[in-house]
file target_9.cif (mmCIF, C-alpha atoms)
data_start
#
loop_
_atom_site.label_atom_id
_atom_site.label_comp_id
_atom_site.auth_asym_id
_atom_site.auth_seq_id
_atom_site.Cartn_x
_atom_site.Cartn_y
_atom_site.Cartn_z
CA THR A 1 17.99 -91.69 -59.11
CA GLU A 2 19.70 -88.35 -58.93
CA LYS A 3 20.25 -86.89 -55.54
CA ASN A 4 18.26 -83.83 -54.61
CA VAL A 5 21.13 -81.50 -53.80
CA LEU A 6 18.88 -79.01 -52.03
CA THR A 7 17.95 -81.55 -49.36
CA GLU A 8 21.64 -81.97 -48.51
CA ILE A 9 22.26 -78.29 -47.81
CA GLU A 10 22.66 -77.59 -44.10
CA LEU A 11 21.68 -74.06 -43.05
CA SER A 12 21.27 -74.47 -39.31
CA VAL A 13 23.54 -72.50 -37.02
CA ARG A 14 24.18 -72.72 -33.29
CA LEU A 15 24.55 -69.29 -31.74
CA SER A 16 25.02 -70.59 -28.20
CA LYS A 17 24.58 -73.65 -26.02
CA TYR A 18 20.94 -72.67 -25.61
CA LEU A 19 20.09 -71.28 -29.05
CA LYS A 20 20.09 -72.98 -32.45
CA LEU A 21 18.46 -71.59 -35.60
CA ASP A 22 17.31 -73.74 -38.51
CA VAL A 23 18.17 -70.91 -40.93
CA PRO A 24 20.74 -68.14 -40.32
CA PHE A 25 18.33 -65.22 -40.68
CA LEU A 26 17.78 -62.47 -38.11
CA SER A 27 15.67 -59.40 -38.67
CA ALA A 28 16.83 -55.86 -37.92
CA ALA A 29 15.81 -54.41 -34.57
CA MET A 30 13.92 -51.56 -36.20
CA GLY A 31 10.34 -50.49 -35.59
CA SER A 32 9.71 -50.29 -39.33
CA VAL A 33 10.95 -53.87 -39.77
CA THR A 34 10.30 -56.14 -36.81
CA GLY A 35 7.09 -56.56 -34.86
CA ASN A 36 4.76 -59.36 -33.85
CA GLU A 37 3.99 -60.52 -37.41
CA LEU A 38 7.58 -60.76 -38.65
CA CYS A 39 8.72 -62.49 -35.46
CA ILE A 40 6.11 -65.18 -36.05
CA GLU A 41 6.76 -65.64 -39.77
CA LEU A 42 10.55 -65.61 -39.42
CA GLY A 43 10.32 -67.95 -36.45
CA LYS A 44 8.20 -70.41 -38.44
CA ILE A 45 10.99 -70.93 -40.97
CA GLY A 46 13.62 -71.27 -38.25
CA GLY A 47 15.05 -67.76 -38.03
CA ILE A 48 14.56 -65.16 -35.33
CA GLY A 49 13.08 -61.68 -35.18
CA ILE A 50 14.68 -59.03 -32.97
CA LEU A 51 12.22 -56.64 -31.35
CA PRO A 52 13.51 -53.03 -31.27
CA SER A 53 14.71 -51.40 -28.06
CA LYS A 54 12.61 -48.36 -28.99
CA TYR A 55 9.58 -50.41 -28.04
CA PRO A 56 8.66 -50.00 -24.36
CA SER A 57 9.84 -53.05 -22.42
CA GLU A 58 6.23 -53.99 -21.64
CA VAL A 59 5.49 -54.09 -25.38
CA GLN A 60 8.51 -56.30 -26.05
CA SER A 61 7.62 -58.68 -23.23
CA LYS A 62 3.94 -58.86 -24.23
CA ILE A 63 4.79 -59.75 -27.83
CA ILE A 64 7.16 -62.44 -26.62
CA SER A 65 4.76 -63.94 -24.09
CA ASP A 66 1.88 -63.87 -26.58
CA ILE A 67 3.97 -65.73 -29.18
CA LYS A 68 5.28 -68.23 -26.66
CA ASN A 69 1.81 -68.92 -25.31
CA LYS A 70 0.44 -69.53 -28.80
CA TYR A 71 3.33 -71.36 -30.45
CA GLY A 72 5.46 -72.65 -27.56
CA ALA A 73 9.23 -73.08 -28.00
CA ASN A 74 8.80 -73.62 -31.74
CA ILE A 75 9.06 -69.87 -32.37
CA LYS A 76 12.24 -68.16 -31.21
CA VAL A 77 12.10 -64.45 -30.44
CA GLY A 78 14.84 -61.94 -29.67
CA SER A 79 14.81 -58.47 -28.15
CA ALA A 80 17.17 -55.52 -28.39
CA ILE A 81 18.34 -53.54 -25.38
CA SER A 82 20.31 -50.32 -25.17
CA THR A 83 23.07 -49.13 -22.84
CA TYR A 84 20.86 -46.43 -21.29
CA PRO A 85 19.65 -46.56 -17.67
CA GLY A 86 16.82 -49.04 -17.29
CA TRP A 87 18.35 -51.67 -19.56
CA ASP A 88 18.57 -54.11 -16.64
CA LYS A 89 14.82 -53.91 -15.95
CA ARG A 90 14.17 -54.48 -19.65
CA VAL A 91 16.38 -57.58 -19.51
CA ILE A 92 14.43 -59.03 -16.59
CA ALA A 93 11.06 -58.35 -18.26
CA ASN A 94 12.19 -60.00 -21.48
CA ILE A 95 13.70 -63.03 -19.78
CA GLU A 96 10.56 -63.56 -17.69
CA ALA A 97 8.53 -63.43 -20.93
CA GLY A 98 10.69 -66.18 -22.48
CA VAL A 99 13.04 -64.30 -24.81
CA ASP A 100 15.58 -66.49 -26.63
CA LEU A 101 18.22 -63.89 -27.52
CA LEU A 102 19.12 -60.45 -26.20
CA VAL A 103 20.96 -57.98 -28.41
CA ILE A 104 22.82 -54.87 -27.29
CA ASP A 105 21.91 -52.82 -30.32
CA THR A 106 24.07 -49.73 -30.88
CA SER A 107 25.44 -48.05 -33.99
CA ASP A 108 28.98 -48.33 -32.56
CA ALA A 109 29.50 -50.76 -29.66
CA TYR A 110 33.22 -50.12 -29.18
CA ASN A 111 32.85 -48.06 -25.99
CA THR A 112 32.91 -48.33 -22.21
CA PHE A 113 29.12 -48.06 -21.87
CA THR A 114 28.66 -51.27 -23.83
CA LYS A 115 31.42 -53.01 -21.91
CA GLU A 116 29.79 -52.14 -18.58
CA VAL A 117 26.43 -53.52 -19.70
CA ILE A 118 28.05 -56.75 -20.91
CA GLU A 119 29.93 -57.26 -17.65
CA LYS A 120 26.88 -56.54 -15.48
CA TYR A 121 24.71 -58.83 -17.58
CA LYS A 122 27.20 -61.69 -17.49
CA SER A 123 27.63 -61.33 -13.72
CA LYS A 124 23.99 -62.40 -13.32
CA ASP A 125 24.64 -65.75 -14.99
CA TYR A 126 21.58 -65.53 -17.23
CA LYS A 127 21.10 -68.43 -19.64
CA VAL A 128 19.89 -66.21 -22.49
CA PRO A 129 22.81 -65.50 -24.87
CA LEU A 130 23.93 -61.89 -25.35
CA CYS A 131 24.68 -60.64 -28.84
CA VAL A 132 26.59 -57.34 -28.98
CA GLY A 133 27.10 -54.91 -31.83
CA ASN A 134 27.83 -53.28 -34.00
CA VAL A 135 31.58 -53.28 -34.62
CA ILE A 136 33.74 -53.37 -37.75
CA THR A 137 37.32 -53.65 -36.48
CA TYR A 138 39.63 -56.25 -34.99
CA ASP A 139 40.13 -54.18 -31.82
CA GLY A 140 36.43 -53.45 -31.41
CA ALA A 141 35.49 -57.12 -31.67
CA MET A 142 38.26 -58.22 -29.31
CA TYR A 143 37.16 -55.59 -26.80
CA LEU A 144 33.60 -56.97 -26.73
CA MET A 145 34.67 -60.62 -26.63
CA GLU A 146 37.00 -59.99 -23.73
CA ALA A 147 34.15 -58.22 -21.92
CA GLY A 148 32.07 -61.41 -22.23
CA ALA A 149 29.90 -61.06 -25.35
CA ASP A 150 28.45 -64.40 -26.51
CA ILE A 151 27.91 -63.28 -30.12
CA ILE A 152 29.33 -60.36 -32.11
CA LYS A 153 27.27 -58.38 -34.61
CA ILE A 154 29.20 -56.80 -37.48
CA GLY A 155 28.32 -53.88 -39.69
CA MET A 156 28.41 -50.13 -40.00
CA SER A 157 27.08 -47.94 -42.79
CA SER A 158 26.14 -50.85 -45.06
CA GLY A 159 22.40 -50.51 -44.45
CA SER A 160 20.37 -48.41 -46.89
CA ILE A 161 19.38 -45.87 -44.23
CA CYS A 162 22.40 -46.12 -41.91
CA THR A 163 23.76 -42.66 -41.04
CA THR A 164 26.82 -43.67 -39.00
CA GLN A 165 29.20 -42.94 -41.88
CA ARG A 166 27.76 -39.46 -42.32
CA GLU A 167 27.53 -38.64 -38.61
CA LYS A 168 30.76 -40.21 -37.32
CA ALA A 169 32.88 -40.75 -40.44
CA THR A 170 32.99 -44.42 -39.46
CA GLY A 171 32.08 -47.31 -41.72
CA ARG A 172 33.44 -50.28 -43.63
CA ALA A 173 32.41 -52.63 -46.41
CA PRO A 174 30.65 -55.70 -44.94
CA MET A 175 33.13 -58.27 -46.31
CA THR A 176 36.17 -56.33 -45.08
CA ALA A 177 34.57 -55.88 -41.66
CA LEU A 178 33.79 -59.60 -41.51
CA LEU A 179 37.36 -60.57 -42.35
CA LYS A 180 38.79 -58.26 -39.67
CA VAL A 181 36.37 -59.41 -36.99
CA ALA A 182 36.77 -63.08 -37.96
CA LYS A 183 40.53 -62.72 -37.44
CA ALA A 184 39.88 -61.33 -33.95
CA ARG A 185 37.45 -64.17 -33.24
CA ASP A 186 39.98 -66.79 -34.35
CA ASP A 187 42.76 -65.23 -32.27
CA TYR A 188 40.45 -65.02 -29.26
CA PHE A 189 39.50 -68.68 -29.68
CA LYS A 190 43.16 -69.73 -29.81
CA LYS A 191 43.81 -67.80 -26.62
CA THR A 192 40.74 -68.79 -24.59
CA GLY A 193 39.12 -71.83 -26.22
CA ARG A 194 35.80 -69.91 -26.31
CA TYR A 195 34.23 -69.74 -29.77
CA ILE A 196 32.22 -66.63 -30.62
CA PRO A 197 29.66 -66.77 -33.48
CA LEU A 198 29.52 -63.77 -35.81
CA ILE A 199 26.50 -62.08 -37.36
CA VAL A 200 26.84 -59.71 -40.30
CA ASP A 201 24.22 -56.98 -40.17
CA GLY A 202 22.84 -55.00 -43.11
CA GLY A 203 23.59 -54.83 -46.80
CA ILE A 204 21.09 -57.52 -47.88
CA SER A 205 18.84 -56.22 -50.64
CA SER A 206 18.33 -59.27 -52.85
CA ALA A 207 18.43 -63.05 -52.97
CA ALA A 208 21.86 -62.81 -54.60
CA ASP A 209 23.19 -61.02 -51.52
CA MET A 210 21.96 -63.90 -49.36
CA ILE A 211 23.73 -66.45 -51.55
CA ILE A 212 26.99 -64.50 -51.36
CA ALA A 213 26.67 -64.22 -47.57
CA LEU A 214 26.04 -67.95 -47.19
CA THR A 215 29.16 -68.81 -49.16
#

call {"tool": "encode", "arguments": {"input": "target_9.cif", "output": "structure tokens"}}
result
Amino acid sequence: TEKNVLTEIELSVRLSKYLKLDVPFLSAAMGSVTGNELCIELGKIGGIGILPSKYPSEVQSKIISDIKNKYGANIKVGSAISTYPGWDKRVIANIEAGVDLLVIDTSDAYNTFTKEVIEKYKSKDYKVPLCVGNVITYDGAMYLMEAGADIIKIGMSSGSICTTQREKATGRAPMTALLKVAKARDDYFKKTGRYIPLIVDGGISSAADMIIALT
């Protein structure tokens, strides 16, 4: 009998010691994209939804606790935080609710504000992994990794409604950004022995884009 090639394809990805996804799909931390329903449906297939930081922290934590109470650890849920005052209280509320991934979600993470949040978060020795983004350069990625980021999120101006290019004259094609950041990740791994997973954000508009990304 012929082998079913599809059953031999491995799509799972480990983002940290404590977090493994069955499929490498994360939703955007946007109010128009991710809420309770998408978190559940994406979680059912093995991905993870990221609740926007524009939601009040009590809304984020309620969605998480409601999902966890109904589905248990089978559904993984993430939440975005910002670098504005109050981020630390949001972190605590999300962790107490059972969040699986926290994401510092900024249009450009290569700055001292982001670094300070990373360092303060890591000093608490939380078990929940911290994804940080977005960056598109070697230096930006290295800066965040050296600050303690567990995962780096890549992308700027590739999303259909992203305004960073227009507002800051900063942007880069997703593949070029990935290559630059991957080089920083590899150099950082050689230097420290700590491997940092990468997530490419934005630019997916069709199934063909997903296939290209997976290759």

call {"tool": "atom_distance", "arguments": {"input": "target_9.cif", "atom1": "CA of Phe25 (chain A)", "atom2": "CA of Gly47 (chain A)"}}
result
4.9 Å

call {"tool": "atom_distance", "arguments": {"input": "target_9.cif", "atom1": "CA of Leu21 (chain A)", "atom2": "CA of Gly46 (chain A)"}}
result
5.5 Å

call {"tool": "resolve_selection", "arguments": {"input": "target_9.cif", "expression": "the PyMOL selection byres ((chain A and resi 81-95) around 8)", "output": "list in words"}}
result
Pro52, Ser53, Ser57, Glu58, Gln60, Ser61, Ile64, Ser79, Ala80, Glu96, Ala97, Gly98, Val99, Asp100, Leu102, Val103, Ile104, Asp105, Thr106, Phe113, Thr114, Val117, Tyr121 and Val128 of chain A

call {"tool": "resolve_selection", "arguments": {"input": "target_9.cif", "expression": "the PyMOL selection byres ((chain A and resi 39) around 10)", "output": "ChimeraX atom specification"}}
result
/A:26-27,33-38,40-44,47-51,63-64,67,75-78

call {"tool": "atom_distance", "arguments": {"input": "target_9.cif", "atom1": "CA of Ile136 (chain A)", "atom2": "CA of Ala177 (chain A)"}}
result
4.7 Å

call {"tool": "closest_residue", "arguments": {"input": "target_9.cif", "among": "A:Asn74, A:Leu198, A:Tyr143, A:Asp209", "to": "Val13 (chain A)", "atoms": "all atoms listed in the file"}}
result
A:Leu198

call {"tool": "residues_around", "arguments": {"input": "target_9.cif", "residues": "Lys122 (chain A)", "least_positions_apart": "4", "cutoff": "9 Å", "atoms": "all atoms listed in the file", "output": "JSON list (two decimals) with C-alpha atoms, keeping the file's coordinate frame"}}
result
[["chain", "number", "residue", "atom", "x", "y", "z"],
["A", 117, "VAL", "CA", 26.43, -53.52, -19.70],
["A", 118, "ILE", "CA", 28.05, -56.75, -20.91],
["A", 126, "TYR", "CA", 21.58, -65.53, -17.23],
["A", 130, "LEU", "CA", 23.93, -61.89, -25.35],
["A", 147, "ALA", "CA", 34.15, -58.22, -21.92],
["A", 148, "GLY", "CA", 32.07, -61.41, -22.23],
["A", 149, "ALA", "CA", 29.90, -61.06, -25.35]]

call {"tool": "closest_residue", "arguments": {"input": "target_9.cif", "among": "A:Ala213, A:Val59, A:Met145, A:Ala29", "to": "Ser107 (chain A)", "atoms": "only C-alpha atoms"}}
result
A:Ala29

call {"tool": "residues_around", "arguments": {"input": "target_9.cif", "residues": "Ile199 (chain A)", "least_positions_apart": "5", "cutoff": "7 Å", "atoms": "all atoms listed in the file", "output": "number ranges by chain"}}
result
A: 152-154

call {"tool": "closest_residue", "arguments": {"input": "target_9.cif", "among": "A:Ile9, A:Tyr110, A:Pro174, A:Asp125", "to": "Glu146 (chain A)", "atoms": "all atoms listed in the file"}}
result
A:Tyr110

call {"tool": "closest_residue", "arguments": {"input": "target_9.cif", "among": "A:Ala28, A:Ala182, A:Met142, A:Gly72", "to": "Lys115 (chain A)", "atoms": "only C-alpha atoms"}}
result
A:Met142

call {"tool": "residues_near_point", "arguments": {"input": "target_9.cif", "point": "(40.5, -68.2, -27.1)", "cutoff": "10 Å", "atoms": "all atoms listed in the file", "output": "ChimeraX atom specification"}}
result
/A:145-146,184-196

call {"tool": "residues_around", "arguments": {"input": "target_9.cif", "residues": "Arg14 (chain A)", "least_positions_apart": "6", "cutoff": "10 Å", "atoms": "only C-alpha atoms", "output": "PyMOL selection string"}}
result
chain A and resi 20-24+197

call {"tool": "write_last_selection", "arguments": {"input": "target_9.cif", "atoms": "C-alpha atoms", "output": "mmCIF file, in the frame of the given file"}}
result
data_model
loop_
_atom_site.group_PDB
_atom_site.id
_atom_site.type_symbol
_atom_site.label_atom_id
_atom_site.label_comp_id
_atom_site.auth_asym_id
_atom_site.auth_seq_id
_atom_site.Cartn_x
_atom_site.Cartn_y
_atom_site.Cartn_z
ATOM 1 C CA LYS A 20 20.090 -72.980 -32.450
ATOM 2 C CA LEU A 21 18.460 -71.590 -35.600
ATOM 3 C CA ASP A 22 17.310 -73.740 -38.510
ATOM 4 C CA VAL A 23 18.170 -70.910 -40.930
ATOM 5 C CA PRO A 24 20.740 -68.140 -40.320
ATOM 6 C CA PRO A 197 29.660 -66.770 -33.480
#

call {"tool": "build_atoms", "arguments": {"input": "target_9.cif", "residues": "region 139-153 of chain A", "atoms": "N, CA, C and O atoms", "output": "CSV table (one decimal), keeping the file's coordinate frame"}}
result
chain,number,residue,atom,x,y,z
A,139,ASP,N,40.1,-54.6,-33.2
A,139,ASP,CA,40.1,-54.2,-31.8
A,139,ASP,C,38.8,-54.1,-31.2
A,139,ASP,O,38.6,-54.4,-30.0
A,140,GLY,N,37.8,-53.6,-31.9
A,140,GLY,CA,36.4,-53.4,-31.4
A,140,GLY,C,35.8,-54.8,-31.0
A,140,GLY,O,35.2,-55.0,-30.0
A,141,ALA,N,36.0,-55.8,-31.9
A,141,ALA,CA,35.5,-57.1,-31.7
A,141,ALA,C,36.2,-57.8,-30.5
A,141,ALA,O,35.5,-58.4,-29.6
A,142,MET,N,37.5,-57.6,-30.4
A,142,MET,CA,38.3,-58.2,-29.3
A,142,MET,C,37.8,-57.6,-28.0
A,142,MET,O,37.7,-58.3,-27.0
A,143,TYR,N,37.6,-56.3,-28.0
A,143,TYR,CA,37.2,-55.6,-26.8
A,143,TYR,C,35.9,-56.2,-26.3
A,143,TYR,O,35.7,-56.4,-25.0
A,144,LEU,N,34.9,-56.4,-27.1
A,144,LEU,CA,33.6,-57.0,-26.7
A,144,LEU,C,33.7,-58.4,-26.3
A,144,LEU,O,33.0,-58.9,-25.3
A,145,MET,N,34.5,-59.2,-27.0
A,145,MET,CA,34.7,-60.6,-26.6
A,145,MET,C,35.3,-60.8,-25.3
A,145,MET,O,34.9,-61.6,-24.4
A,146,GLU,N,36.3,-59.9,-25.0
A,146,GLU,CA,37.0,-60.0,-23.7
A,146,GLU,C,36.1,-59.5,-22.6
A,146,GLU,O,36.3,-59.9,-21.4
A,147,ALA,N,35.1,-58.7,-22.9
A,147,ALA,CA,34.2,-58.2,-21.9
A,147,ALA,C,33.1,-59.3,-21.6
A,147,ALA,O,32.5,-59.2,-20.5
A,148,GLY,N,33.0,-60.3,-22.5
A,148,GLY,CA,32.1,-61.4,-22.2
A,148,GLY,C,30.9,-61.6,-23.2
A,148,GLY,O,30.1,-62.5,-23.0
A,149,ALA,N,31.0,-60.9,-24.3
A,149,ALA,CA,29.9,-61.1,-25.4
A,149,ALA,C,29.8,-62.5,-25.8
A,149,ALA,O,30.9,-63.1,-26.1
A,150,ASP,N,28.6,-63.0,-26.0
A,150,ASP,CA,28.4,-64.4,-26.5
A,150,ASP,C,28.5,-64.5,-28.0
A,150,ASP,O,28.9,-65.5,-28.6
A,151,ILE,N,28.0,-63.4,-28.7
A,151,ILE,CA,27.9,-63.3,-30.1
A,151,ILE,C,28.3,-61.9,-30.5
A,151,ILE,O,28.0,-60.9,-29.8
A,152,ILE,N,29.0,-61.7,-31.6
A,152,ILE,CA,29.3,-60.4,-32.1
A,152,ILE,C,28.6,-60.0,-33.4
A,152,ILE,O,28.5,-60.8,-34.3
A,153,LYS,N,28.0,-58.8,-33.4
A,153,LYS,CA,27.3,-58.4,-34.6
A,153,LYS,C,28.1,-57.3,-35.3
A,153,LYS,O,28.6,-56.4,-34.7
